[in-house]
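Novice: Here's a structure for you.
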2 protein chains.
Amino acid sequence: MTRVLVIDDEPQIVRALVINLKARKYEVDAAHDGATALRLAAARHPDVVVLDLGLPDMDGVEVIKGLRGWTRVPILVLSARHSSDEKVEALDAGADDYVTKPFGMDELLARLRAAVRRAEPAGGEEEDVLVETAEFTVDLAAKKVNRGGRDVRLTPTEWHLLEVLVRNTGRLVGQRQLLQEVWGPSYGTETNYLRVYMAQLRRKLEADPSHPKHFITEPGMGYRFER
Amino acid sequence: MTRVLVIDDEPQIVRALVINLKARKYEVDAAHDGATALRLAAARHPDVVVLDLGLPDMDGVEVIKGLRGWTRVPILVLSARHSSDEKVEALDAGADDYVTKPFGMDELLARLRAAVRRAEPAGGEEEDVLVETAEFTVDLAAKKVNRGGRDVRLTPTEWHLLEVLVRNTGRLVGQRQLLQEVWGPSYGTETNYLRVYMAQLRRKLEADPSHPKHFITEPGMGYRFER
DNA sequence: GGCGGCCTTGACGCAACTCTGACGCCCCGG
DNA sequence: CCGGGGCGTCAGAGTTGCGTCAAGGCCGCC
């Protein structure tokens, strides 16, 4: 869940924000002065900060600098001042966005979403998914298989087949399903393909290919990958 | 140098932006319609995009989506519309910021700086900038390749290809992904480009180009850079 | 206007991969 | 005991993909 830190000294604004944010499943912390804000930020590590520049105890820009000293968390500034200088100062101090009051709640929430979105990790879906067995290691992200310290070369079909099986570790995958996922939807009965390529995989990955421990045949049904 | 792509069909606005940006040492490309914009973005790979929503040939939101299909480049939207719905739509389509016309040039530039700043690599200190192998060294920040004490000259395309591979060191990069990142989103099947340019890279960087140790071909799938 | 560098494109030989058929084995049921 | 279906193995044929070279076109620079 996304955590938001709201910093404002006007209770009605804080209330409006908190209600709207919670309704949209954000987790919300609130602070009414700069000192509390900096403490809360350090303690709670919010995913995004909404900061009103007009605080009782310190200048809003100082809060920005205080945060930027140690974090790149997105900061969305609220302010009653329309002056261009104020905006420039806040943005150059490290703010990510600047909204002038009165603001539309829809717009603020959209800007918040934008700020959170771009702070997300760069890789859309790449994470090093490692699957290990006693004999070998499969890296689904890098498309690599390592065995005894050496990379094993797999052909596209071999890799594809391995991937489907590994993604279903421990589960039985039917022959029809395997054929359709690897060779395409118009296949389904060519079980000889499976026999040939399973043999290749076993030869390349199993310690004893004729007595497989990981690539198990379920006669008449399909195959199963076990770690 | 930071490269900016300005997309607007009003000549006077484009002129004002171009003059101000160039005065501040930005490199500027300009497009006056959406189709040109998408083509230019693919060809020039700007560091930030300034986009006016009111274009003659297509909806601005479509331009945003077109860009977001393959790049996370910051997009700063300009618009004459103050409506909240428009802002929300643009931001949720993937825009990073939204400025209504008339706008203050100072503010726009500050927002531009903010957008560029947060797009910079996360690591405060330089880390992955230098990638070394036994034969050569790639400096991603300086865009330089050194081999045996001498700088190697690479053409723009060669460098781009190298950069994508090095940024994914150890990982397999699919041919479609390579083509789209280097040649633009409308490419995907021209694998002969890859063959030609991989050959160039190997000739310039590998000790034995016909038996590459670093630029590995994975037949039918893609290429992989190994240190 | 000529020149050089760079990008595109096509052709060709070769290696790798996929497909296919044949054969033998094992398990199970008749 | 015999027969059949499903599976594993092997090797050859056909196709695809890769590396290489060279020619042509485009653009910027001198």
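Note on naming: chains are A, B, ... as they come in the structure tokens, residues start from 1 per chain, ligands start from 1 in the order shown.
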Need the shell around DC14 in chain C: protein/DNA/RNA residues with any atom at most 12 Å away, counting only C-alpha atoms (C1' of nucleotides). Skip same-chain ones fewer than 4 positions apart. Format as number ranges by chain?

Specialist: D: 17-20

Novice: Which chain C residues are at most 9 Å from chain B (counting only C-alpha atoms (C1' of nucleotides)), as a PyMOL selection string?

Specialist: chain C and resi 6-8+16-17

Novice: Report the closest atom pair, with its distance in Å rounded to one decimal, for each residue of chain A that has an atom no farther than 6 Å from chain B; count only C-alpha atoms, sort by chain and then rising residue number, and write it as CSV.

Specialist:
```
residue,atom,partner,partner_atom,distance
A:Ser84,CA,B:Glu107,CA,5.9
A:Val88,CA,B:Ala110,CA,5.3
A:Asp96,CA,B:Ala114,CA,5.9
A:Glu107,CA,B:Val88,CA,5.7
A:Ala110,CA,B:Val88,CA,5.3
A:Ala114,CA,B:Asp96,CA,5.9
A:Ala142,CA,B:Arg171,CA,4.0
A:Lys143,CA,B:Leu172,CA,5.9
```

Novice: Write the residues you've just listed into a file as a short mmCIF file (atom, residue, chain, number, x, y, z; two decimals), in the first residue's frame, and include C-alpha atoms for each of them.

Specialist:
```cif
data_model
loop_
_atom_site.label_atom_id
_atom_site.label_comp_id
_atom_site.auth_asym_id
_atom_site.auth_seq_id
_atom_site.Cartn_x
_atom_site.Cartn_y
_atom_site.Cartn_z
CA SER A 84 6.48 32.59 -9.84
CA VAL A 88 10.87 28.32 -8.78
CA ASP A 96 8.61 17.54 -7.67
CA GLU A 107 -6.17 17.21 -9.99
CA ALA A 110 -3.82 12.78 -10.36
CA ALA A 114 1.94 10.67 -11.41
CA ALA A 142 18.39 -13.05 -17.57
CA LYS A 143 17.26 -16.15 -19.46
#
```

Novice: Could you go through range 53-206 of chain B and tell me which residues DSSP, when run on the backbone, assigns to strand (DSSP E or B), listing them as a ChimeraX atom specification?

Specialist: /B:54,59,75-79,97-100,130-132,136-139,144-147,150-152,172-174

Novice: Could you list, as a list of chain:residue names, every residue of chain A that has an atom within 10 Å of an atom of chain D, counting only C-alpha atoms (C1' of nucleotides)?

Specialist: A:Thr191, A:Asn192, A:Arg195, A:Val196, A:Met198, A:Ala199, A:Ser210, A:Thr217, A:Pro219, A:Gly220

Novice: What residues in range 44-205 of chain A get the DSSP label alpha helix (DSSP H)? Please answer as a PyMOL selection string.

Specialist: chain A and resi 44+60-68+84-93+105-119+156-167+175-183+191-205

Novice: Using CA of Ala141 in chain B and CA of Arg24 in chain B as the two end points, give the distance in Å to one decimal.

Specialist: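 We find that CA of Ala141 in chain B and CA of Arg24 in chain B lie 21.0 Å from each other.
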
Novice: How many Å separate CA of Leu130 in chain A from CA of His45 in chain A?

Specialist: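 Rounded to one decimal, the two atoms are 28.6 Å apart.
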